[in-house]
Structure formats: C-alpha cells, structure tokens
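*Asks:* Below is a structure I'd like to ask you about.
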Amino acid sequence: MTSRERLQLAYELAFYPPRLNEVWRGIVKHPETMNGELGDVLDQAWLLHQALPERGYASQRALNRLALYQARSRAFGMVTFLRNIRRHLGRPLIDTHVVPGSMVRDIGLPPIHRS
C-alpha cells in the first residue's frame with residue numbers, strides 16, 4: 001500500500017462511518033488477519049482527531065476540510081469508536097495531541113447515503 005493509499009484509508013477510518021464499521025466487522029470475524037499495517041493506519045486515524053496544527057500543513061483549504069470532517073464526525077461517535085477499537089487491539093497510547101502537519105491533505109471522502 002502506498003503512502004497516499006494509507007492516508008486515504010486513515011481519513012476514511014477517521015471520518016467515514018461505513019468504512020470503520022466494515023473494518024471492525026472484519027476484525028471481529030477474522031482477528032487472525034489483523035496485521036501491523038492496519039494498526040498503524042488506525043493510529044493515523046486517531047491522530048486525525050487531535051487538535052489542528054499551527055504550521056506545516058499543505059494548504060488552508062486542507063485545514064478547513066479537516067476541521068469540517070472533525071466537526072461532522074462527532075455526531076457519529078467516531079472518536080470513541082476508534083479509541084475502543086485501538087484498545088481492543090492492544091495498541092499503545094499515543095502521546096501526541098496535535099495532528100501532524102504532513103497528514104493535513106485535501107482528501108475527499110465518498111458521500112454517505114443508503115444504497
């Protein structure tokens with residue numbers, strides 16, 4: 001998986017509830033398939049919910065989009081869900097309280113709708 005694909009997946013896990021539910025169902029059904037790479041992406045998703053950086057981000061538009069994603073995800077309880085999944089997997093605590101500037105990118109998410 002390329003770094004761009006990992007970042008896209010991290011954004012989806014952080015802010016797109018259907019994708020996080022899909023990953024959780026996979027973890028519950030097949031815990032043996034859980035690999036370190038998915039754990040690292042879950043860590044990135046957790047970091048995306050931290051405070052916005054003061055510098056080092058790609059653009060103002062990307063920063064605004066991340067802030068909007070953070071605000072909208074609160075209605076779905078994404079922060080708690082990510083925290084519980086990480087705890088279930090035994091992931092170490094992350095001491096960082098700010099989103100790394102390199103993770104602030106203008107990444108679009110699929111629309112949420114019922115099929």
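Chain labels A, B, ... are given in the sequence in which chains occur in the structure tokens; within each chain residues are numbered consecutively from 1, and ligands are likewise numbered from 1 in the order shown.
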Would you list the contacts of Arg105 in chain A as a count of residues only, taking every protein, DNA or RNA residue within 8 Å and counting only C-alpha atoms, but skipping same-chain residues closer than 4 positions in sequence?
*Replies:* 6
*Asks:* Report the residues of chain A whose backbone DSSP state falls under alpha helix (DSSP H), written as number ranges by chain.
*Replies:* A: 3-15, 17-29, 36-47, 60-73, 78-88
*Asks:* Deliver the residues from the most recent selection as a file, using C-alpha atoms, as a compact mmCIF listing (two decimals), in the first residue's frame.
*Replies:*
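Heads up, here's the output in again_35.txt:
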```txt
# COMPACT_ATOMS: atom_id res chain seq x y z
CA SER A 3 1.62 6.26 1.49
CA ARG A 4 -1.19 8.05 -0.37
CA GLU A 5 -3.43 4.97 -0.10
CA ARG A 6 -2.62 4.66 3.60
CA LEU A 7 -3.53 8.30 4.19
CA GLN A 8 -6.78 7.90 2.22
CA LEU A 9 -7.64 4.83 4.32
CA ALA A 10 -6.80 6.72 7.52
CA TYR A 11 -9.16 9.54 6.52
CA GLU A 12 -11.89 7.02 5.72
CA LEU A 13 -11.44 5.23 9.04
CA ALA A 14 -11.42 8.53 10.92
CA PHE A 15 -14.35 10.24 9.23
CA PRO A 17 -18.54 5.57 9.48
CA PRO A 18 -19.35 2.80 6.93
CA ARG A 19 -15.64 2.15 6.35
CA LEU A 20 -14.84 1.97 10.07
CA ASN A 21 -17.77 -0.40 10.61
CA GLU A 22 -16.52 -2.59 7.77
CA VAL A 23 -13.04 -2.79 9.31
CA TRP A 24 -14.49 -3.53 12.76
CA ARG A 25 -16.63 -6.39 11.37
CA GLY A 26 -13.50 -7.79 9.71
CA ILE A 27 -11.57 -7.63 12.99
CA VAL A 28 -14.37 -9.38 14.88
CA LYS A 29 -14.87 -12.12 12.27
CA GLY A 36 0.56 -4.27 11.92
CA GLU A 37 -0.17 -2.14 8.87
CA LEU A 38 -3.87 -1.85 9.74
CA GLY A 39 -2.93 -0.99 13.32
CA ASP A 40 -0.66 1.79 12.04
CA VAL A 41 -3.48 3.16 9.86
CA LEU A 42 -5.82 3.10 12.87
CA ASP A 43 -3.19 5.10 14.76
CA GLN A 44 -3.15 7.63 11.92
CA ALA A 45 -6.96 7.79 12.00
CA TRP A 46 -6.78 8.51 15.74
CA LEU A 47 -4.24 11.28 15.12
CA GLN A 60 -5.68 26.43 4.17
CA ARG A 61 -8.31 24.53 2.19
CA ALA A 62 -6.99 21.20 3.51
CA LEU A 63 -7.00 22.55 7.06
CA ASN A 64 -10.59 23.78 6.67
CA ARG A 65 -11.70 20.42 5.26
CA LEU A 66 -10.07 18.54 8.14
CA ALA A 67 -11.80 20.82 10.66
CA LEU A 68 -15.14 20.21 8.94
CA TYR A 69 -14.56 16.45 8.96
CA GLN A 70 -13.70 16.57 12.65
CA ALA A 71 -16.85 18.53 13.48
CA ARG A 72 -19.18 16.31 11.44
CA SER A 73 -17.70 13.06 12.79
CA MET A 78 -16.09 8.23 15.67
CA VAL A 79 -13.54 9.26 18.32
CA THR A 80 -14.96 6.84 20.89
CA PHE A 81 -15.27 4.06 18.33
CA LEU A 82 -11.63 4.47 17.25
CA ARG A 83 -10.48 4.59 20.86
CA ASN A 84 -12.34 1.37 21.64
CA ILE A 85 -11.02 -0.46 18.55
CA ARG A 86 -7.46 0.58 19.34
CA ARG A 87 -7.91 -0.57 22.96
CA HIS A 88 -9.37 -3.89 21.75
```
*Asks:* Using only C-alpha atoms, can you tell me which of A:Phe76, A:Leu48, A:Asp106, A:Pro53 comes closest to Ile94 in chain A?
*Replies:*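 Ranking A:Phe76, A:Leu48, A:Asp106, A:Pro53 by distance to Ile94 in chain A, first place goes to A:Leu48.
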*Asks:* One decimal, in Å: what's the spacing between CA of Tyr16 in chain A and CA of Pro110 in chain A?
*Replies:*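 Computing the Euclidean distance for CA of Tyr16 in chain A and CA of Pro110 in chain A yields 7.9 Å.
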